[in-house]
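Undergrad: Below is run-v3.pdb; it holds PDB, C-alpha atoms.
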```pdb
MODEL        1
ATOM      1  CA  MET A 222     -96.062  15.480 -93.421
ATOM      2  CA  PHE A 223     -94.530  12.551 -91.582
ATOM      3  CA  ALA A 224     -91.045  14.002 -92.091
ATOM      4  CA  LYS A 225     -92.201  17.363 -90.681
ATOM      5  CA  LYS A 226     -93.545  15.635 -87.548
ATOM      6  CA  ILE A 227     -90.189  13.846 -87.006
ATOM      7  CA  LEU A 228     -88.281  17.100 -87.484
ATOM      8  CA  SER A 229     -90.616  18.918 -85.077
ATOM      9  CA  ALA A 230     -90.201  16.190 -82.457
ATOM     10  CA  ALA A 231     -86.414  16.252 -82.837
ATOM     11  CA  LEU A 232     -86.308  20.024 -82.377
ATOM     12  CA  THR A 233     -88.539  19.828 -79.312
ATOM     13  CA  ALA A 234     -86.294  17.136 -77.766
ATOM     14  CA  ALA A 235     -83.205  19.203 -78.503
ATOM     15  CA  MET A 236     -84.757  22.282 -76.844
ATOM     16  CA  LEU A 237     -85.740  20.252 -73.768
ATOM     17  CA  LEU A 238     -82.272  18.691 -73.545
ATOM     18  CA  SER A 239     -80.675  22.108 -73.935
ATOM     19  CA  GLY A 240     -82.868  23.498 -71.173
ATOM     20  CA  ALA A 241     -82.097  20.596 -68.859
ATOM     21  CA  HIS A 242     -78.400  20.919 -69.594
ATOM     22  CA  ALA A 243     -78.513  24.644 -68.824
ATOM     23  CA  LYS A 244     -80.099  23.915 -65.442
ATOM     24  CA  ILE A 245     -77.575  21.316 -64.263
ATOM     25  CA  LEU A 246     -74.403  22.727 -65.800
ATOM     26  CA  PRO A 247     -73.656  25.229 -62.995
ATOM     27  CA  GLN A 248     -73.775  22.364 -60.462
ATOM     28  CA  ALA A 249     -71.599  19.958 -62.463
ATOM     29  CA  THR A 250     -68.056  19.163 -61.272
ATOM     30  CA  VAL A 251     -65.363  18.983 -63.942
ATOM     31  CA  TYR A 252     -62.585  16.465 -63.346
ATOM     32  CA  ALA A 253     -59.258  16.730 -65.153
ATOM     33  CA  LYS A 254     -58.336  13.750 -67.266
ATOM     34  CA  ASP A 255     -55.498  11.691 -65.765
ATOM     35  CA  SER A 256     -52.255  12.989 -67.225
ATOM     36  CA  VAL A 257     -49.726  11.173 -65.053
ATOM     37  CA  SER A 258     -48.364   7.698 -65.893
ATOM     38  CA  PHE A 259     -46.768   5.275 -63.454
ATOM     39  CA  TYR A 260     -43.828   2.895 -63.723
ATOM     40  CA  SER A 261     -42.531   0.051 -61.575
ATOM     41  CA  GLY A 262     -39.492   0.682 -59.425
ATOM     42  CA  LEU A 263     -37.878   4.009 -58.533
ATOM     43  CA  ALA A 264     -36.723   6.791 -60.835
ATOM     44  CA  TRP A 265     -33.016   6.046 -60.355
ATOM     45  CA  TYR A 266     -33.403   2.396 -61.459
ATOM     46  CA  GLU A 267     -32.969   3.342 -65.123
ATOM     47  CA  ASN A 268     -29.623   4.979 -64.338
ATOM     48  CA  PHE A 269     -28.268   1.580 -63.350
ATOM     49  CA  ASP A 270     -29.721  -0.423 -66.265
ATOM     50  CA  MET A 271     -32.516  -1.782 -64.092
ATOM     51  CA  LYS A 272     -35.556  -2.199 -66.282
ATOM     52  CA  THR A 273     -38.848  -0.563 -65.365
ATOM     53  CA  ILE A 274     -42.237  -1.091 -66.986
ATOM     54  CA  LYS A 275     -45.246   1.165 -67.451
ATOM     55  CA  ILE A 276     -48.134   0.055 -65.243
ATOM     56  CA  SER A 277     -51.777   0.992 -64.766
ATOM     57  CA  SER A 278     -52.097  -1.187 -61.672
ATOM     58  CA  ALA A 279     -49.829  -2.852 -59.146
ATOM     59  CA  LYS A 280     -49.868  -5.712 -56.671
ATOM     60  CA  VAL A 281     -48.026  -6.176 -53.403
ATOM     61  CA  PRO A 282     -48.111  -8.958 -50.800
ATOM     62  CA  ALA A 283     -49.275  -7.846 -47.346
ATOM     63  CA  GLY A 284     -46.302  -6.804 -45.255
ATOM     64  CA  CYS A 285     -44.193  -5.972 -48.313
ATOM     65  CA  SER A 286     -43.663  -2.680 -50.136
ATOM     66  CA  VAL A 287     -43.409  -1.935 -53.854
ATOM     67  CA  PRO A 288     -41.758   1.178 -55.295
ATOM     68  CA  VAL A 289     -43.469   3.142 -58.091
ATOM     69  CA  TYR A 290     -42.598   6.405 -59.807
ATOM     70  CA  SER A 291     -43.809   8.774 -62.495
ATOM     71  CA  LYS A 292     -41.844  10.687 -65.113
ATOM     72  CA  ASP A 293     -44.645  13.265 -65.160
ATOM     73  CA  SER A 294     -44.581  14.102 -61.459
ATOM     74  CA  SER A 295     -42.692  16.710 -59.458
ATOM     75  CA  ALA A 296     -41.638  17.104 -55.866
ATOM     76  CA  SER A 297     -44.744  19.172 -55.143
ATOM     77  CA  GLY A 298     -47.105  16.406 -56.223
ATOM     78  CA  THR A 299     -48.711  14.028 -53.738
ATOM     79  CA  LEU A 300     -49.766  10.383 -53.924
ATOM     80  CA  THR A 301     -52.369   9.135 -51.461
ATOM     81  CA  SER A 302     -54.181   5.863 -50.835
ATOM     82  CA  SER A 303     -57.975   5.899 -50.971
ATOM     83  CA  ASP A 304     -57.998   3.216 -48.251
ATOM     84  CA  THR A 305     -55.266   3.824 -45.683
ATOM     85  CA  LYS A 306     -56.133   0.574 -43.906
ATOM     86  CA  LYS A 307     -55.065  -1.389 -46.971
ATOM     87  CA  ALA A 308     -51.986   0.526 -48.097
ATOM     88  CA  LYS A 309     -49.616   3.138 -46.736
ATOM     89  CA  ILE A 310     -47.688   5.533 -48.999
ATOM     90  CA  THR A 311     -44.182   6.825 -48.304
ATOM     91  CA  THR A 312     -42.612   9.551 -50.442
ATOM     92  CA  MET A 313     -39.007   8.982 -51.512
ATOM     93  CA  HIS A 314     -36.555  11.883 -51.407
ATOM     94  CA  GLN A 315     -35.320  13.778 -54.483
ATOM     95  CA  ASN A 316     -38.514  12.976 -56.391
ATOM     96  CA  MET A 317     -37.500   9.353 -56.945
ATOM     97  CA  GLY A 318     -41.069   8.160 -56.467
ATOM     98  CA  TRP A 319     -43.111   6.491 -53.756
ATOM     99  CA  VAL A 320     -43.254   3.237 -51.825
ATOM    100  CA  ALA A 321     -46.627   1.564 -51.329
ATOM    101  CA  LYS A 322     -46.758  -0.819 -48.369
ATOM    102  CA  GLY A 323     -49.461  -3.481 -48.307
ATOM    103  CA  LEU A 324     -51.204  -3.548 -44.934
ATOM    104  CA  LYS A 325     -54.355  -5.610 -45.422
ATOM    105  CA  THR A 326     -55.546  -7.924 -48.194
ATOM    106  CA  GLY A 327     -57.886  -6.214 -50.632
ATOM    107  CA  LYS A 328     -57.999  -3.478 -53.260
ATOM    108  CA  THR A 329     -57.460   0.257 -53.114
ATOM    109  CA  SER A 330     -56.450   3.028 -55.497
ATOM    110  CA  LEU A 331     -53.553   5.460 -55.356
ATOM    111  CA  ARG A 332     -54.322   9.016 -56.432
ATOM    112  CA  TYR A 333     -51.770  11.552 -57.649
ATOM    113  CA  LYS A 334     -52.496  15.277 -57.477
ATOM    114  CA  GLU A 335     -50.419  18.266 -58.502
ATOM    115  CA  GLY A 336     -52.429  21.339 -59.495
ATOM    116  CA  SER A 337     -54.510  20.270 -62.484
ATOM    117  CA  LYS A 338     -52.385  17.151 -63.081
ATOM    118  CA  THR A 339     -53.891  13.903 -61.823
ATOM    119  CA  GLY A 340     -53.171  10.210 -61.983
ATOM    120  CA  LYS A 341     -54.594   6.957 -60.674
ATOM    121  CA  LEU A 342     -52.950   3.621 -59.954
ATOM    122  CA  ASP A 343     -55.042   0.662 -58.788
ATOM    123  CA  LEU A 344     -53.346  -1.395 -56.081
ATOM    124  CA  GLU A 345     -54.186  -4.901 -54.911
ATOM    125  CA  VAL A 346     -52.785  -6.213 -51.640
ATOM    126  CA  LEU A 347     -52.173  -9.964 -51.914
ATOM    127  CA  PRO A 348     -51.962 -12.478 -49.059
ATOM    128  CA  GLU A 349     -48.675 -12.440 -47.152
ATOM    129  CA  LEU A 350     -45.757 -13.976 -49.055
ATOM    130  CA  LYS A 351     -44.713 -16.597 -46.515
ATOM    131  CA  LEU A 352     -41.551 -17.629 -48.331
ATOM    132  CA  LYS A 353     -38.289 -17.971 -46.465
ATOM    133  CA  ALA A 354     -34.784 -19.219 -47.122
ATOM    134  CA  VAL A 355     -33.654 -21.689 -44.500
ATOM    135  CA  LYS A 356     -30.176 -22.726 -45.655
ATOM    136  CA  LYS A 357     -27.480 -21.628 -48.123
ATOM    137  CA  SER A 358     -24.123 -22.947 -49.308
ATOM    138  CA  VAL A 359     -21.463 -22.085 -51.910
ATOM    139  CA  LYS A 360     -18.707 -24.167 -53.439
ATOM    140  CA  VAL A 361     -16.143 -23.842 -56.238
ATOM    141  CA  LYS A 362     -15.035 -26.857 -58.240
ATOM    142  CA  ASN A 363     -13.436 -27.285 -61.678
ATOM    143  CA  GLY A 364     -13.884 -23.630 -62.592
ATOM    144  CA  LYS A 365     -17.552 -23.522 -61.605
ATOM    145  CA  LEU A 366     -19.125 -21.646 -58.735
ATOM    146  CA  SER A 367     -22.316 -23.176 -57.339
ATOM    147  CA  LEU A 368     -24.794 -21.444 -55.032
ATOM    148  CA  THR A 369     -27.463 -23.559 -53.345
ATOM    149  CA  VAL A 370     -30.348 -22.182 -51.302
ATOM    150  CA  LYS A 371     -33.170 -24.115 -49.641
ATOM    151  CA  TYR A 372     -36.560 -22.348 -49.660
ATOM    152  CA  GLN A 373     -39.710 -23.038 -47.699
ATOM    153  CA  ASN A 374     -43.127 -22.097 -49.115
ATOM    154  CA  ASN A 375     -45.556 -21.606 -46.240
ATOM    155  CA  THR A 376     -48.328 -20.060 -48.352
ATOM    156  CA  ASP A 377     -51.474 -21.806 -49.608
ATOM    157  CA  THR A 378     -50.504 -21.453 -53.278
ATOM    158  CA  ASP A 379     -47.646 -22.487 -55.576
ATOM    159  CA  ILE A 380     -44.714 -20.126 -56.035
ATOM    160  CA  VAL A 381     -42.759 -20.395 -59.282
ATOM    161  CA  ILE A 382     -39.152 -19.246 -59.085
ATOM    162  CA  GLU A 383     -37.819 -18.321 -62.539
ATOM    163  CA  GLY A 384     -34.322 -17.146 -61.719
ATOM    164  CA  VAL A 385     -31.663 -16.294 -59.151
ATOM    165  CA  ASP A 386     -29.499 -13.159 -59.125
ATOM    166  CA  ILE A 387     -26.165 -14.592 -58.096
ATOM    167  CA  GLY A 388     -24.661 -11.096 -58.129
ATOM    168  CA  SER A 389     -26.815 -10.015 -55.195
ATOM    169  CA  ALA A 390     -25.352 -12.860 -53.114
ATOM    170  CA  GLN A 391     -22.109 -10.811 -53.039
ATOM    171  CA  ILE A 392     -19.850 -13.860 -52.874
ATOM    172  CA  LEU A 393     -16.416 -12.749 -51.639
ATOM    173  CA  PHE A 394     -13.205 -14.740 -51.712
ATOM    174  CA  GLU A 395     -10.391 -14.139 -49.251
ATOM    175  CA  GLY A 396      -8.368 -11.127 -50.331
ATOM    176  CA  GLU A 397     -11.282  -9.427 -52.095
ATOM    177  CA  LYS A 398     -12.437  -6.013 -50.934
ATOM    178  CA  GLU A 399     -15.934  -5.736 -49.564
ATOM    179  CA  PRO A 400     -18.208  -3.360 -51.539
ATOM    180  CA  SER A 401     -19.160  -0.089 -49.868
ATOM    181  CA  LYS A 402     -22.732   0.956 -49.183
ATOM    182  CA  ASP A 403     -22.615   3.258 -52.216
ATOM    183  CA  ASP A 404     -21.412   0.597 -54.666
ATOM    184  CA  VAL A 405     -23.906  -0.650 -57.243
ATOM    185  CA  ILE A 406     -23.786  -4.445 -57.451
ATOM    186  CA  PRO A 407     -24.431  -5.594 -61.058
ATOM    187  CA  CYS A 408     -27.224  -8.130 -61.453
ATOM    188  CA  ARG A 409     -26.242 -11.556 -62.768
ATOM    189  CA  TRP A 410     -29.565 -13.324 -63.333
ATOM    190  CA  ILE A 411     -29.381 -17.064 -63.915
ATOM    191  CA  ALA A 412     -32.560 -18.662 -65.245
ATOM    192  CA  LYS A 413     -33.724 -21.569 -63.107
ATOM    193  CA  LYS A 414     -37.409 -22.447 -63.177
ATOM    194  CA  VAL A 415     -38.527 -24.280 -60.050
ATOM    195  CA  THR A 416     -42.051 -24.662 -58.675
ATOM    196  CA  LEU A 417     -42.430 -24.597 -54.915
ATOM    197  CA  PRO A 418     -45.796 -26.216 -54.111
ATOM    198  CA  ALA A 419     -47.792 -24.851 -51.189
ATOM    199  CA  GLY A 420     -46.262 -26.093 -47.951
ATOM    200  CA  ALA A 421     -43.188 -27.552 -49.680
ATOM    201  CA  THR A 422     -39.447 -27.105 -49.150
ATOM    202  CA  LYS A 423     -36.988 -27.264 -52.056
ATOM    203  CA  SER A 424     -33.359 -26.488 -52.788
ATOM    204  CA  ILE A 425     -32.304 -24.457 -55.822
ATOM    205  CA  THR A 426     -28.762 -24.590 -57.232
ATOM    206  CA  VAL A 427     -27.365 -22.166 -59.807
ATOM    207  CA  THR A 428     -23.868 -22.255 -61.297
ATOM    208  CA  GLU A 429     -21.594 -19.954 -63.281
ATOM    209  CA  GLN A 430     -18.062 -20.085 -64.634
ATOM    210  CA  THR A 431     -15.373 -18.524 -62.448
ATOM    211  CA  LYS A 432     -11.626 -18.010 -62.472
ATOM    212  CA  GLN A 433     -11.613 -17.427 -58.746
ATOM    213  CA  THR A 434     -10.007 -19.962 -56.446
ATOM    214  CA  GLY A 435      -9.412 -20.131 -52.746
ATOM    215  CA  LYS A 436     -11.594 -19.867 -49.697
ATOM    216  CA  ILE A 437     -14.947 -18.073 -49.738
ATOM    217  CA  LYS A 438     -15.160 -15.760 -46.732
ATOM    218  CA  GLU A 439     -18.624 -14.259 -47.101
ATOM    219  CA  TYR A 440     -21.872 -14.475 -49.077
ATOM    220  CA  ARG A 441     -25.536 -13.595 -48.709
ATOM    221  CA  TYR A 442     -28.940 -14.837 -49.745
ATOM    222  CA  PRO A 443     -29.584 -13.900 -53.404
ATOM    223  CA  ALA A 444     -32.499 -12.102 -55.030
ATOM    224  CA  LEU A 445     -35.196 -14.200 -56.690
ATOM    225  CA  TYR A 446     -37.396 -13.531 -59.706
ATOM    226  CA  LEU A 447     -40.664 -15.311 -58.994
ATOM    227  CA  LYS A 448     -44.332 -15.624 -59.886
ATOM    228  CA  TYR A 449     -46.885 -15.255 -57.094
ATOM    229  CA  TYR A 450     -50.638 -15.028 -57.702
ATOM    230  CA  ASN A 451     -50.003 -14.658 -61.474
ATOM    231  CA  SER A 452     -47.732 -11.631 -61.031
ATOM    232  CA  TYR A 453     -43.937 -11.384 -61.142
ATOM    233  CA  PHE A 454     -41.775  -9.958 -58.394
ATOM    234  CA  SER A 455     -38.092  -9.800 -57.536
ATOM    235  CA  LEU A 456     -37.001  -9.827 -53.913
ATOM    236  CA  ILE A 457     -34.494 -11.072 -51.380
ATOM    237  CA  THR A 458     -35.771 -13.290 -48.604
ATOM    238  CA  SER A 459     -33.840 -14.836 -45.744
ATOM    239  CA  GLY A 460     -34.735 -16.696 -42.562
ATOM    240  CA  THR A 461     -38.101 -14.993 -42.141
ATOM    241  CA  ALA A 462     -41.154 -14.544 -44.357
ATOM    242  CA  ALA A 463     -40.605 -12.061 -47.184
ATOM    243  CA  LYS A 464     -40.820  -8.487 -45.907
ATOM    244  CA  GLY A 465     -39.513  -5.121 -46.942
ATOM    245  CA  LEU A 466     -39.039  -3.728 -50.440
ATOM    246  CA  ILE A 467     -39.803  -5.889 -53.484
ATOM    247  CA  ASP A 468     -40.045  -4.997 -57.168
ATOM    248  CA  TYR A 469     -43.258  -5.585 -59.114
ATOM    249  CA  TYR A 470     -43.086  -6.637 -62.796
ATOM    250  CA  ASN A 471     -46.734  -7.358 -63.600
ATOM    251  CA  THR A 472     -46.826 -10.177 -66.229
ATOM    252  CA  THR A 473     -43.211  -9.768 -67.363
ATOM    253  CA  SER A 474     -41.458 -13.149 -67.103
ATOM    254  CA  LEU A 475     -37.719 -13.351 -66.460
ATOM    255  CA  SER A 476     -36.988 -14.228 -70.100
ATOM    256  CA  GLU A 477     -38.905 -11.125 -71.234
ATOM    257  CA  TYR A 478     -37.204  -9.002 -68.583
ATOM    258  CA  LEU A 479     -33.730 -10.049 -69.763
ATOM    259  CA  LYS A 480     -34.404  -9.224 -73.442
TER     260      LYS A 480
ENDMDL
END
```
Write the structure described by the file as structure tokens, please.
TA:
Amino acid sequence: MFAKKILSAALTAAMLLSGAHAKILPQATVYAKDSVSFYSGLAWYENFDMKTIKISSAKVPAGCSVPVYSKDSSASGTLTSSDTKKAKITTMHQNMGWVAKGLKTGKTSLRYKEGSKTGKLDLEVLPELKLKAVKKSVKVKNGKLSLTVKYQNNTDTDIVIEGVDIGSAQILFEGEKEPSKDDVIPCRWIAKKVTLPAGATKSITVTEQTKQTGKIKEYRYPALYLKYYNSYFSLITSGTAAKGLIDYYNTTSLSEYLK
């Protein structure tokens, strides 16, 4: 008898649920499951042995821009920011991806749409990266080339530099041909872990073996691989606070990146 009552109650509940479901179903909105994945960097990075990583979220300092792309997207797809006051999206040509510029500190989400294909990438805009390079020098002695750069951390948090890309400094000796705008400069990362405390100024020196001799006629500020607010970025900074395009590597340290 008790079992019959339970069965009767279960059937009644099922009928009520079915009726309720039938009433609300015509008004329900069906959302497609996200089918688009995102990666750091731009699509052409992988053609030049520049590592990219799969990401479900990204971070960018205010005033800077990070590139992201998707292998699942097409030129007809669009990526938009849910809060245009926090981030601005620029579409790269030839379906290479997008650039998200941080405008104001806070969080927003980037939404991809192409027919029934959708994707979402959470984006956090960090405080401005007030890091600048104030002095640089290069010397060659006893078969070693040394590059020294002095950096100034004007933020309110520590910045940990993990490495310097001496290749991006484009050090040219007299008699060497300057690279064209279309040349791809190979990265030559040199690990050098240095902590720049908030408000501090420090010099970083990296060295490598060289067979070159003679006078150095030109060189630039190099790219850095650094940790800022617990996330890794690579960027080039000069006499002003870091601006422009930077690459986002989530929690990937330089040692992991170079593996």
Undergrad: Pick from A:Lys353, A:Lys371, A:Lys307, A:Lys436: nearest to Leu456 of chain A, with only C-alpha atoms counted?
TA: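 Among the listed residues, A:Lys353 lies closest to Leu456 of chain A.
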Undergrad: Near Ser476 of chain A, counting all atoms listed in the file, which residues have an atom at most 10 Å away, once you skip same-chain residues fewer than 4 positions from it, shown as a PDB file with C-alpha atoms, in the frame of the given file?
TA:
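Contents of the output file around_13.pdb:
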```
ATOM      1  CA  GLU A 383     -37.819 -18.321 -62.539  1.00  0.00           C
ATOM      2  CA  GLY A 384     -34.322 -17.146 -61.719  1.00  0.00           C
ATOM      3  CA  ALA A 412     -32.560 -18.662 -65.245  1.00  0.00           C
ATOM      4  CA  LYS A 480     -34.404  -9.224 -73.442  1.00  0.00           C
TER       5      LYS A 480
END
```
Undergrad: Could you tell me which residues the PyMOL selection byres ((chain A and resi 368) around 9) grabs in this file, written as a PyMOL selection string?
TA: chain A and resi 357-360+366-367+369-370+387+390+425-429
Undergrad: Applied to this file, what does the PyMOL selection byres ((chain A and resi 379) around 7) return in terms of residues, put as JSON, numbers by chain?
TA: {"A": [378, 380, 381, 416, 417, 418, 419]}
Undergrad: Any chance you could work out the residue set of the PyMOL selection byres ((chain A and resi 452) around 12) here, as a ChimeraX atom specification?
TA: /A:278-282,345-347,380-382,446-451,453-455,468-475
Undergrad: Residues within 9 Å of segment 396-405 of chain A, please, as a list in words. Count all atoms listed in the file; anything in the same chain fewer than 4 positions from it doesn't count.
TA: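 Contacts, in chain order: Phe269, Gln391 and Lys438 of chain A.
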Undergrad: When distances are computed from all atoms listed in the file, which of A:Asp386, A:Lys272, A:Met313, A:Val257 shows the smallest separation from Glu477 of chain A?
TA: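 When distances to Glu477 of chain A are compared using all atoms listed in the file, the smallest one comes from A:Lys272.
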Undergrad: Assuming 5 Å of padding per side, give the centre and edge lengths of the axis-aligned box around every listed atom of segment 422-433 of chain A, in Å to one decimal and as lines of an AutoDock Vina configuration file.
TA:
```
center_x = -25.5
center_y = -22.3
center_z = -56.9
size_x = 37.8
size_y = 19.8
size_z = 25.5
```
Undergrad: Select, counting only C-alpha atoms, all protein, DNA and RNA residues no farther than 10 Å from (-53.3, 1.9, -66.7) in file coordinates, and express the selection as a list in words.
TA: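 Here the neighbourhood of the point contains Ser258, Phe259, Tyr260, Lys275, Ile276, Ser277, Ser278, Ala279, Gly340, Lys341, Leu342 and Asp343 of chain A.
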Undergrad: For Asp255 of chain A, list every protein, DNA or RNA residue within 10 Å, evaluated using all atoms listed in the file, and leave out those in the same chain fewer than 3 positions away; present the list as a list in words.
TA: Tyr252, Ser258, Arg332, Tyr333, Lys334, Ser337, Lys338, Thr339, Gly340 and Lys341 of chain A
Undergrad: Could you state the separation of atom CA of Ser303 of chain A and atom CA of Lys464 of chain A in Å, given to one decimal place?
TA: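 Distance between the two atoms: 23.0 Å.
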